[in-house]
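*Asks:* Quick one, target31.cif (mmCIF, C-alpha atoms and all ligand atoms):
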```cif
data_work
loop_
_atom_site.label_atom_id
_atom_site.label_comp_id
_atom_site.auth_asym_id
_atom_site.auth_seq_id
_atom_site.Cartn_x
_atom_site.Cartn_y
_atom_site.Cartn_z
CA MET O 43 -26.26 44.81 94.11
CA LYS O 44 -27.36 46.36 90.82
CA PHE O 45 -24.21 45.46 88.90
CA SER O 46 -21.03 43.40 89.22
CA VAL O 47 -17.95 43.93 91.38
CA LYS O 48 -15.84 44.00 88.21
CA LEU O 49 -17.86 46.93 86.86
CA GLU O 50 -17.45 48.79 90.16
CA GLU O 51 -13.68 48.26 89.93
CA ILE O 52 -13.59 49.78 86.45
CA ALA O 53 -15.80 52.69 87.52
CA LYS O 54 -13.49 53.39 90.51
CA ALA O 55 -10.43 53.27 88.24
CA ILE O 56 -12.02 55.90 85.97
CA GLU O 57 -13.00 58.08 88.95
CA GLU O 58 -9.51 57.92 90.43
CA MET O 59 -7.94 58.51 86.99
CA ARG O 60 -6.06 55.21 86.97
CA ILE O 61 -7.86 54.92 83.65
CA ARG O 62 -7.79 58.34 82.01
CA GLY O 63 -7.90 60.12 78.68
CA ALA O 64 -11.16 60.50 76.79
CA THR O 65 -10.61 57.46 74.56
CA PRO O 66 -9.30 55.05 77.22
CA ILE O 67 -12.30 56.02 79.39
CA ALA O 68 -14.74 55.28 76.55
CA ARG O 69 -12.99 51.97 75.79
CA ALA O 70 -13.09 50.97 79.46
CA ALA O 71 -16.82 51.79 79.67
CA ALA O 72 -17.59 49.66 76.60
CA GLU O 73 -15.47 46.81 77.95
CA ALA O 74 -17.21 47.06 81.33
CA LEU O 75 -20.65 46.78 79.71
CA ILE O 76 -19.49 43.78 77.64
CA ILE O 77 -18.28 42.03 80.81
CA GLU O 78 -21.51 42.92 82.62
CA ALA O 79 -23.56 41.35 79.80
CA GLU O 80 -21.32 38.29 79.52
CA GLU O 81 -21.36 37.55 83.23
CA SER O 82 -24.90 38.59 84.06
CA ARG O 83 -26.89 36.06 86.04
CA ALA O 84 -30.21 37.73 85.23
CA SER O 85 -32.94 35.22 84.52
CA THR O 86 -35.41 37.50 82.71
CA PRO O 87 -35.12 40.34 80.17
CA ASP O 88 -36.41 42.76 82.83
CA GLU O 89 -33.71 41.76 85.28
CA PHE O 90 -31.06 41.99 82.57
CA ILE O 91 -32.12 45.49 81.54
CA LYS O 92 -32.20 46.62 85.17
CA GLU O 93 -28.67 45.34 85.68
CA MET O 94 -27.31 46.91 82.46
CA ASP O 95 -29.04 50.16 83.31
CA GLY O 96 -27.48 50.17 86.80
CA ALA O 97 -24.09 49.50 85.25
CA ALA O 98 -24.55 52.26 82.68
CA ARG O 99 -25.58 54.79 85.32
CA ARG O 100 -22.60 53.91 87.52
CA LEU O 101 -20.24 54.45 84.58
CA LEU O 102 -21.91 57.75 83.70
CA SER O 103 -21.44 58.98 87.27
CA THR O 104 -17.65 58.62 87.20
CA ARG O 105 -16.41 61.69 85.32
CA PRO O 106 -18.70 64.29 83.81
CA THR O 107 -16.74 66.02 81.05
CA ALA O 108 -15.39 63.54 78.48
CA VAL O 109 -18.35 63.09 76.14
CA SER O 110 -16.77 59.90 74.81
CA LEU O 111 -18.06 58.18 77.96
CA PRO O 112 -21.81 58.90 77.53
CA ASN O 113 -21.40 58.37 73.78
CA ALA O 114 -19.95 54.88 74.41
CA VAL O 115 -22.69 54.04 76.91
CA ARG O 116 -25.37 55.43 74.60
CA PHE O 117 -24.01 53.50 71.60
CA ILE O 118 -24.53 50.24 73.49
CA MET O 119 -27.58 51.01 75.60
CA PHE O 120 -29.84 52.42 72.94
CA ARG O 121 -29.37 49.25 70.89
CA VAL O 122 -30.14 47.06 73.92
CA LEU O 123 -33.14 49.12 74.96
CA SER O 124 -34.55 49.22 71.43
CA ALA O 125 -34.33 45.40 71.28
CA TYR O 126 -35.93 45.13 74.73
CA ARG O 127 -38.81 47.33 73.60
CA ARG O 128 -39.26 45.10 70.54
CA GLY O 129 -39.66 42.15 72.94
CA ALA O 130 -36.23 40.49 72.54
CA GLY O 131 -35.49 37.56 74.87
CA LEU O 132 -32.72 37.35 77.46
CA GLU O 133 -30.09 35.66 75.28
CA ASP O 134 -30.72 38.05 72.39
CA LEU O 135 -30.32 41.03 74.71
CA ARG O 136 -27.06 39.62 76.01
CA LYS O 137 -25.81 39.05 72.47
CA ILE O 138 -26.85 42.52 71.32
CA SER O 139 -25.06 44.16 74.28
CA ILE O 140 -21.84 42.26 73.64
CA GLU O 141 -21.94 42.86 69.89
CA ALA O 142 -22.69 46.59 70.33
CA GLY O 143 -19.78 46.90 72.78
CA ARG O 144 -17.42 45.14 70.39
CA GLU O 145 -18.61 47.25 67.48
CA PHE O 146 -17.88 50.41 69.49
CA LEU O 147 -14.37 49.15 70.32
CA ARG O 148 -13.72 48.33 66.65
CA ARG O 149 -14.78 51.86 65.66
CA VAL O 150 -12.53 53.39 68.33
CA ASP O 151 -9.48 51.46 67.16
CA GLU O 152 -10.16 52.17 63.51
CA ALA O 153 -10.70 55.90 64.23
CA LYS O 154 -7.32 56.11 65.97
CA LYS O 155 -5.52 54.62 62.95
CA VAL O 156 -7.26 56.93 60.49
CA ILE O 157 -6.63 60.03 62.65
CA ALA O 158 -2.94 59.12 62.91
CA LYS O 159 -2.72 58.93 59.10
CA ILE O 160 -4.70 62.11 58.40
CA GLY O 161 -3.07 64.13 61.19
CA SER O 162 0.47 63.12 60.31
CA LYS O 163 0.03 64.66 56.84
CA ARG O 164 -0.13 68.05 58.55
CA ILE O 165 3.34 67.59 59.98
CA VAL O 166 6.44 68.38 57.94
CA ASP O 167 10.10 67.59 58.39
CA GLY O 168 11.69 69.86 61.00
CA ASP O 169 8.44 70.80 62.80
CA ILE O 170 8.56 71.77 66.45
CA ILE O 171 5.22 70.82 67.95
CA LEU O 172 3.83 71.88 71.29
CA THR O 173 1.34 69.61 73.04
CA HIS O 174 -0.52 69.78 76.34
CA CYS O 175 -1.53 66.94 78.66
CA ASN O 176 -1.54 63.39 77.32
CA SER O 177 -3.76 62.64 74.36
CA SER O 178 -3.59 59.18 72.82
CA ALA O 179 -4.84 60.70 69.54
CA VAL O 180 -2.01 63.23 69.46
CA ILE O 181 0.56 60.60 70.42
CA ALA O 182 -0.71 58.43 67.54
CA ILE O 183 -0.31 61.34 65.09
CA LEU O 184 3.20 62.23 66.27
CA THR O 185 4.45 58.64 66.29
CA GLU O 186 2.98 58.10 62.82
CA ALA O 187 4.83 61.21 61.56
CA LYS O 188 8.03 59.84 63.07
CA ARG O 189 7.38 56.43 61.47
CA GLN O 190 7.15 58.20 58.10
CA GLY O 191 10.69 59.43 58.69
CA LYS O 192 9.82 63.03 59.60
CA ASP O 193 12.32 64.67 61.88
CA ILE O 194 10.20 66.32 64.57
CA LYS O 195 10.72 67.74 68.03
CA VAL O 196 8.05 68.12 70.69
CA ILE O 197 7.59 70.56 73.56
CA ALA O 198 5.35 68.98 76.20
CA THR O 199 3.79 70.87 79.09
CA GLU O 200 4.01 69.00 82.38
CA THR O 201 0.25 69.55 82.95
CA ARG O 202 -0.35 70.39 86.57
CA PRO O 203 -1.73 69.10 88.83
CA LYS O 204 -1.61 65.45 87.67
CA PHE O 205 1.50 65.71 85.47
CA GLN O 206 0.11 63.82 82.47
CA GLY O 207 2.78 65.66 80.42
CA ARG O 208 5.36 63.30 81.90
CA LEU O 209 3.47 60.40 80.33
CA THR O 210 3.54 62.21 77.01
CA ALA O 211 7.29 62.78 77.32
CA MET O 212 7.86 59.11 78.17
CA GLN O 213 5.69 57.80 75.35
CA LEU O 214 7.26 60.08 72.73
CA ALA O 215 10.79 59.36 73.94
CA GLU O 216 10.05 55.64 73.65
CA ALA O 217 9.02 56.28 70.04
CA GLY O 218 12.37 58.00 69.41
CA ILE O 219 11.01 61.57 69.37
CA PRO O 220 13.04 64.22 71.26
CA VAL O 221 10.90 66.00 73.85
CA THR O 222 11.43 69.11 75.95
CA LEU O 223 9.30 69.10 79.09
CA ILE O 224 8.28 72.58 80.30
CA VAL O 225 6.16 73.95 83.14
CA ASP O 226 2.69 74.93 81.96
CA SER O 227 3.28 78.65 82.49
CA ALA O 228 6.27 78.57 80.10
CA ALA O 229 4.04 77.85 77.09
CA ARG O 230 3.94 81.48 75.89
CA PHE O 231 7.69 81.87 76.51
CA PHE O 232 8.38 79.03 74.04
CA MET O 233 5.60 79.78 71.54
CA LYS O 234 7.95 81.78 69.25
CA LYS O 235 9.88 78.56 68.59
CA VAL O 236 6.78 76.45 67.93
CA ASP O 237 5.53 75.58 64.41
CA LYS O 238 2.23 73.92 65.38
CA VAL O 239 0.19 73.13 68.46
CA PHE O 240 -1.49 69.71 68.63
CA VAL O 241 -3.91 68.91 71.47
CA GLY O 242 -6.56 66.30 72.13
CA ALA O 243 -10.16 66.83 73.20
CA ASP O 244 -12.49 65.58 75.88
CA ALA O 245 -15.51 67.08 74.16
CA VAL O 246 -16.37 69.13 71.08
CA ALA O 247 -19.50 71.29 71.11
CA SER O 248 -21.71 71.88 68.08
CA ASN O 249 -20.28 75.41 67.65
CA GLY O 250 -16.75 73.96 67.40
CA ALA O 251 -15.64 74.93 70.93
CA VAL O 252 -13.25 72.35 72.33
CA VAL O 253 -13.18 71.19 75.92
CA ASN O 254 -9.75 69.87 76.86
CA LYS O 255 -7.34 69.75 79.80
CA ILE O 256 -7.21 72.94 81.86
CA GLY O 257 -4.69 75.32 80.32
CA THR O 258 -5.51 74.44 76.71
CA SER O 259 -7.34 77.73 76.13
CA MET O 260 -4.37 79.78 77.42
CA ILE O 261 -2.07 77.88 75.07
CA ALA O 262 -4.46 78.49 72.17
CA LEU O 263 -4.51 82.18 73.04
CA ALA O 264 -0.71 82.38 73.07
CA ALA O 265 -0.62 80.45 69.78
CA LYS O 266 -3.03 82.88 68.11
CA GLU O 267 -0.96 85.83 69.29
CA ALA O 268 2.17 84.19 67.82
CA ARG O 269 0.29 83.14 64.62
CA VAL O 270 0.93 79.46 65.34
CA ARG O 271 -1.73 77.07 64.07
CA VAL O 272 -3.72 74.99 66.57
CA PHE O 273 -4.84 71.48 65.62
CA VAL O 274 -7.23 69.42 67.74
CA ALA O 275 -7.31 65.64 67.38
CA ALA O 276 -10.83 64.43 68.20
CA GLU O 277 -12.58 61.24 67.17
CA THR O 278 -16.23 61.77 66.25
CA TYR O 279 -17.40 60.08 69.46
CA LYS O 280 -16.04 63.09 71.34
CA PHE O 281 -18.58 65.39 69.70
CA SER O 282 -21.45 66.20 72.02
CA PRO O 283 -24.93 65.62 70.52
CA GLU O 284 -26.63 67.40 73.42
CA THR O 285 -24.94 70.68 72.52
CA ILE O 286 -27.06 71.03 69.39
CA ILE O 287 -30.05 71.50 71.66
CA GLY O 288 -28.21 74.06 73.74
CA GLU O 289 -26.92 71.87 76.57
CA LEU O 290 -23.60 72.95 78.07
CA ILE O 291 -20.73 70.55 78.69
CA LYS O 292 -20.14 70.14 82.40
CA ILE O 293 -16.62 71.00 83.53
CA GLU O 294 -15.29 68.59 86.13
CA GLU O 295 -13.82 70.15 89.26
CA ARG O 296 -11.54 67.77 91.15
CA SER O 297 -10.32 67.60 94.73
CA PRO O 298 -8.05 70.35 96.19
CA ASP O 299 -5.79 67.50 97.40
CA GLU O 300 -4.48 67.21 93.85
CA VAL O 301 -3.07 70.76 94.19
CA VAL O 302 -1.92 71.09 97.82
CA SER O 303 -1.83 68.78 100.83
CA LYS O 304 -4.71 68.50 103.31
CA GLU O 305 -2.29 69.66 106.06
CA PHE O 306 -1.59 72.88 104.15
CA LEU O 307 -5.29 73.67 103.92
CA GLU O 308 -5.81 72.84 107.58
CA ARG O 309 -2.97 75.14 108.57
CA TYR O 310 -4.28 78.05 106.47
CA PRO O 311 -8.06 78.05 106.74
CA LEU O 312 -8.28 81.28 104.74
CA VAL O 313 -6.78 79.59 101.72
CA SER O 314 -9.10 77.74 99.39
CA VAL O 315 -8.18 75.85 96.24
CA ARG O 316 -10.08 75.56 92.96
CA ASN O 317 -9.16 72.68 90.67
CA PRO O 318 -11.14 72.65 87.41
CA SER O 319 -9.90 69.83 85.24
CA PHE O 320 -10.86 71.28 81.84
CA ASP O 321 -11.46 74.55 80.05
CA VAL O 322 -13.21 75.64 76.89
CA THR O 323 -11.29 76.89 73.88
CA PRO O 324 -13.59 78.91 71.60
CA PRO O 325 -13.65 77.97 67.89
CA ASP O 326 -11.90 81.24 66.92
CA TYR O 327 -8.72 79.94 68.55
CA ILE O 328 -8.73 76.60 66.75
CA ASP O 329 -7.58 76.21 63.16
CA LEU O 330 -8.65 72.66 62.39
CA ILE O 331 -10.14 69.60 64.07
CA ILE O 332 -8.77 66.26 62.90
CA THR O 333 -11.42 63.53 62.97
CA GLU O 334 -11.49 60.06 61.43
CA LYS O 335 -14.01 61.44 58.93
CA GLY O 336 -11.57 64.07 57.74
CA ILE O 337 -10.16 67.42 58.78
CA ILE O 338 -12.76 70.07 59.47
CA PRO O 339 -12.80 73.71 60.49
CA PRO O 340 -14.31 73.97 63.99
CA GLN O 341 -17.38 75.67 62.52
CA ALA O 342 -18.25 72.35 60.79
CA ALA O 343 -18.58 70.47 64.11
CA TYR O 344 -22.35 70.70 63.77
CA LEU O 345 -22.20 68.65 60.56
CA ILE O 346 -20.22 65.87 62.26
CA ILE O 347 -22.80 65.65 65.04
CA GLN O 348 -25.63 65.65 62.51
CA SER O 349 -24.06 62.85 60.47
CA GLU O 350 -23.45 60.77 63.63
CA ILE O 351 -27.06 61.19 64.60
CA SER O 352 -28.47 60.56 61.13
CA GLU O 353 -26.70 57.17 61.00
CA VAL O 354 -29.17 55.91 63.58
CA GLY O 355 -31.88 58.57 63.65
CA TYR O 356 -32.17 61.39 66.13
CA ASP O 357 -34.85 59.74 68.27
CA ASP O 358 -32.85 56.55 68.70
CA TYR O 359 -29.65 58.42 69.33
CA MET O 360 -31.20 60.53 72.06
CA ARG O 361 -33.40 57.77 73.41
CA TYR O 362 -31.03 56.59 76.09
CA THR O 363 -30.43 60.08 77.43
CA THR O 364 -34.15 60.78 77.47
CA TYR O 365 -34.73 57.46 79.13
CA LEU O 366 -32.26 58.41 81.88
CA GLU O 367 -33.97 61.73 82.41
CA GLU O 368 -37.43 60.18 82.55
CA SER O 369 -36.65 57.47 85.07
P1 LIG Y 401 -7.36 61.05 74.21
C1 LIG Y 401 -7.46 63.86 78.78
O1 LIG Y 401 -8.20 64.09 79.94
C2 LIG Y 401 -6.75 65.10 78.27
O2 LIG Y 401 -7.51 66.28 78.46
C3 LIG Y 401 -6.59 64.74 76.82
O3 LIG Y 401 -6.28 65.84 76.00
C4 LIG Y 401 -7.96 64.16 76.52
O4 LIG Y 401 -8.28 63.40 77.69
C5 LIG Y 401 -8.09 63.33 75.28
O5 LIG Y 401 -7.35 62.13 75.40
P2 LIG Y 401 -7.85 63.41 81.38
O6 LIG Y 401 -8.60 62.07 81.42
O7 LIG Y 401 -8.77 60.56 74.05
O8 LIG Y 401 -6.37 63.26 81.54
O9 LIG Y 401 -6.84 61.71 72.97
O10 LIG Y 401 -8.46 64.34 82.41
O11 LIG Y 401 -6.45 59.97 74.73
#
```
Go ahead and express the file in the form of structure tokens.

*Replies:*
Amino acid sequence: MKFSVKLEEIAKAIEEMRIRGATPIARAAAEALIIEAEESRASTPDEFIKEMDGAARRLLSTRPTAVSLPNAVRFIMFRVLSAYRRGAGLEDLRKISIEAGREFLRRVDEAKKVIAKIGSKRIVDGDIILTHCNSSAVIAILTEAKRQGKDIKVIATETRPKFQGRLTAMQLAEAGIPVTLIVDSAARFFMKKVDKVFVGADAVASNGAVVNKIGTSMIALAAKEARVRVFVAAETYKFSPETIIGELIKIEERSPDEVVSKEFLERYPLVSVRNPSFDVTPPDYIDLIITEKGIIPPQAAYLIIQSEISEVGYDDYMRYTTYLEES
């Protein structure tokens, strides 16, 4: 076996969406790599790297769209691989992996707090806010606004086919925020009553396009028509470095079983089902992106990616991806 049973369990949970949401997925990946390093029985640096690499690849194979996942893996693996190339010993490699994982988790938690603070400033007393799917970043912003004493109401789409909108409704209700749950196709019907749209992101491209739960782009379209502003809450680790060299973000397509039963499809062989999990909202339909580094217009996404990369240097940042492609 190339990696541990525990890592396989986490990978399966991500695949089956028992762990879901771009940030929880990234956190789980970092935690999985920490556990792998802590519990590794490798007896040489080569063995250790092989095991960590196997673990990283398994995690990367789980869900293709949320860029937070490869960014988490890359954050840890390029540090480990750089140390390996410098000739670090087994215990140093283990320590570096664990420390890098913990550092990533610290950044994630800090980013969430800062985004909640910055985002909540955009909400005023009496706002009716529409949200789609279940974004932990958006929930953090809304609950922070409530904590500040702002009287807000939320309209939450149920988010077919997995109904993550019900989670949103539950979480907001628990925070004391009144929520109206609507079917996805009612978004335009209610848009006249909405003051602001807040959604999360699974990935942000260098041109400011936002990849988020399927249906987001239709909501953004309806919001533009109704002159309602659209805010996207996205930590900087959701920005895709590959998009600056023209790579496209892969849109996950999930099983038809999430939409209709197997029996239905067997009974009607002429019926097929398509189930893309995400869509792309062009930058023209987004007013602002809220990151932990500040609020930016979508057109400034390129600068966020550049500053992320320049923290460590482009070559190092890309090294792990290149490494994967080479081997
Ligand atoms: P946070 C989710 O994807 C939704 O699309 C949500 O908007 C996005 O991740 C961001 O979530 P899925 O895993 O990182 O439900 O803000 O397919 O929690």

*Asks:* Neighbours of ligand LIG 401 (chain Y) within 6 Å, counting only C-alpha atoms and all ligand atoms, as a VMD selection string?

*Replies:* chain O and resid 62 to 65 175 to 179 241 to 244 254 to 255

*Asks:* How close does range 126-243 of chain O get to range 285-309 of chain O? List, as a tab-separated table, each residue of range 126-243 of chain O within 12 Å, its nearest atom pair and the distance in Å to one decimal, counting all atoms listed in the file.

*Replies:*
```
residue	atom	partner	partner_atom	distance
O:Thr201	CA	O:Val301	CA	11.8
O:Arg202	CA	O:Val301	CA	8.1
O:Pro203	CA	O:Val301	CA	5.8
O:Lys204	CA	O:Glu300	CA	7.0
O:Phe205	CA	O:Glu300	CA	10.4
```

*Asks:* Would you put the residues from that selection into a file with C-alpha atoms, as an mmCIF file, in the coordinates of the input?

*Replies:*
```
data_model
loop_
_atom_site.group_PDB
_atom_site.id
_atom_site.type_symbol
_atom_site.label_atom_id
_atom_site.label_comp_id
_atom_site.auth_asym_id
_atom_site.auth_seq_id
_atom_site.Cartn_x
_atom_site.Cartn_y
_atom_site.Cartn_z
ATOM 1 C CA THR O 201 0.250 69.550 82.950
ATOM 2 C CA ARG O 202 -0.350 70.390 86.570
ATOM 3 C CA PRO O 203 -1.730 69.100 88.830
ATOM 4 C CA LYS O 204 -1.610 65.450 87.670
ATOM 5 C CA PHE O 205 1.500 65.710 85.470
#
```

*Asks:* I'd like the contact shell of Val115 in chain O - 7 Å cut-off, all atoms listed in the file, skipping same-chain residues fewer than 4 positions apart - returned as a list of chain:residue names.

*Replies:* O:Ala71, O:Ala72, O:Ala98, O:Leu111, O:Met119

*Asks:* Find the distance between CA of Phe45 in chain O and CA of Glu73 in chain O and write it in Å to one decimal.

*Replies:*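 According to the coordinates, CA of Phe45 in chain O and CA of Glu73 in chain O are separated by 14.1 Å.
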
*Asks:* CA of Ala251 in chain O and CA of Glu152 in chain O are how many Å apart?

*Replies:*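 Value for the CA of Ala251 in chain O-CA of Glu152 in chain O distance: 24.6 Å.
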
*Asks:* Hey, which of O:Glu334, O:Asp193, O:Glu141, O:Glu80 ends up closest to Asp167 in chain O? Count only C-alpha atoms.

*Replies:*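 Counting only C-alpha atoms, the residue closest to Asp167 in chain O is O:Asp193.
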
*Asks:* Take every atom of range 277-282 of chain O listed in the file, fit an axis-aligned box around them, add 4 Å per side, and give the centre and edge lengths in Å to one decimal as lines of an AutoDock Vina configuration file.

*Replies:*
```
center_x = -17.0
center_y = 63.1
center_z = 69.1
size_x = 16.9
size_y = 14.1
size_z = 13.8
```

*Asks:* Write out as a VMD selection string the residues lying within 9 Å of Lys335 in chain O, counting all atoms listed in the file and excluding same-chain residues fewer than 5 positions away.

*Replies:* chain O and resid 153 156 to 157 277 to 278 346

*Asks:* When distances are computed from all atoms listed in the file, which of O:Arg230, O:Ala343, O:Leu135, O:Lys188 shows the smallest separation from Ala245 in chain O?

*Replies:*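 Ranking O:Arg230, O:Ala343, O:Leu135, O:Lys188 by distance to Ala245 in chain O, first place goes to O:Ala343.
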
*Asks:* I'd like the contact shell of Ala158 in chain O - 10 Å cut-off, only C-alpha atoms, skipping same-chain residues fewer than 4 positions apart - returned as a ChimeraX atom specification.

*Replies:* /O:153-154,162-163,178-187,275,332-334

*Asks:* Now that the selection is made, can you save its residues with C-alpha atoms as a PDB file, keeping the file's coordinate frame?

*Replies:*
```pdb
ATOM      1  CA  ALA O 153     -10.700  55.900  64.230  1.00  0.00           C
ATOM      2  CA  LYS O 154      -7.320  56.110  65.970  1.00  0.00           C
ATOM      3  CA  SER O 162       0.470  63.120  60.310  1.00  0.00           C
ATOM      4  CA  LYS O 163       0.030  64.660  56.840  1.00  0.00           C
ATOM      5  CA  SER O 178      -3.590  59.180  72.820  1.00  0.00           C
ATOM      6  CA  ALA O 179      -4.840  60.700  69.540  1.00  0.00           C
ATOM      7  CA  VAL O 180      -2.010  63.230  69.460  1.00  0.00           C
ATOM      8  CA  ILE O 181       0.560  60.600  70.420  1.00  0.00           C
ATOM      9  CA  ALA O 182      -0.710  58.430  67.540  1.00  0.00           C
ATOM     10  CA  ILE O 183      -0.310  61.340  65.090  1.00  0.00           C
ATOM     11  CA  LEU O 184       3.200  62.230  66.270  1.00  0.00           C
ATOM     12  CA  THR O 185       4.450  58.640  66.290  1.00  0.00           C
ATOM     13  CA  GLU O 186       2.980  58.100  62.820  1.00  0.00           C
ATOM     14  CA  ALA O 187       4.830  61.210  61.560  1.00  0.00           C
ATOM     15  CA  ALA O 275      -7.310  65.640  67.380  1.00  0.00           C
ATOM     16  CA  ILE O 332      -8.770  66.260  62.900  1.00  0.00           C
ATOM     17  CA  THR O 333     -11.420  63.530  62.970  1.00  0.00           C
ATOM     18  CA  GLU O 334     -11.490  60.060  61.430  1.00  0.00           C
TER      19      GLU O 334
END
```

*Asks:* Could you list, as a compact mmCIF listing (two decimals) with C-alpha atoms, keeping the file's coordinate frame, every residue within 9 Å of Arg271 in chain O, counting all atoms listed in the file and ignoring same-chain residues fewer than 4 positions away?

*Replies:*
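Saved the output as result-v5.txt:
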```
# COMPACT_ATOMS: atom_id res chain seq x y z
CA ASP O 237 5.53 75.58 64.41
CA LYS O 238 2.23 73.92 65.38
CA VAL O 239 0.19 73.13 68.46
CA PHE O 240 -1.49 69.71 68.63
CA ALA O 262 -4.46 78.49 72.17
CA ALA O 265 -0.62 80.45 69.78
CA LYS O 266 -3.03 82.88 68.11
CA TYR O 327 -8.72 79.94 68.55
CA ILE O 328 -8.73 76.60 66.75
CA ASP O 329 -7.58 76.21 63.16
CA LEU O 330 -8.65 72.66 62.39
```

*Asks:* Which residue out of O:Glu133, O:Glu51, O:Glu267, O:Glu145 has the minimum interatomic distance to Ser85 in chain O when only C-alpha atoms are used?

*Replies:*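 Closest to Ser85 in chain O, using only C-alpha atoms: O:Glu133.
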
*Asks:* One decimal, Å: what's the distance from CA of Ala74 in chain O over to CA of Glu57 in chain O, could you say?

*Replies:*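 According to the coordinates, CA of Ala74 in chain O and CA of Glu57 in chain O are separated by 14.0 Å.
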
*Asks:* Using only C-alpha atoms, find the one residue out of O:Leu132, O:Val47, O:Ile52, O:Ile77 that sits nearest to Ile91 in chain O.

*Replies:*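 Of all the options, O:Leu132 lies closest to Ile91 in chain O.
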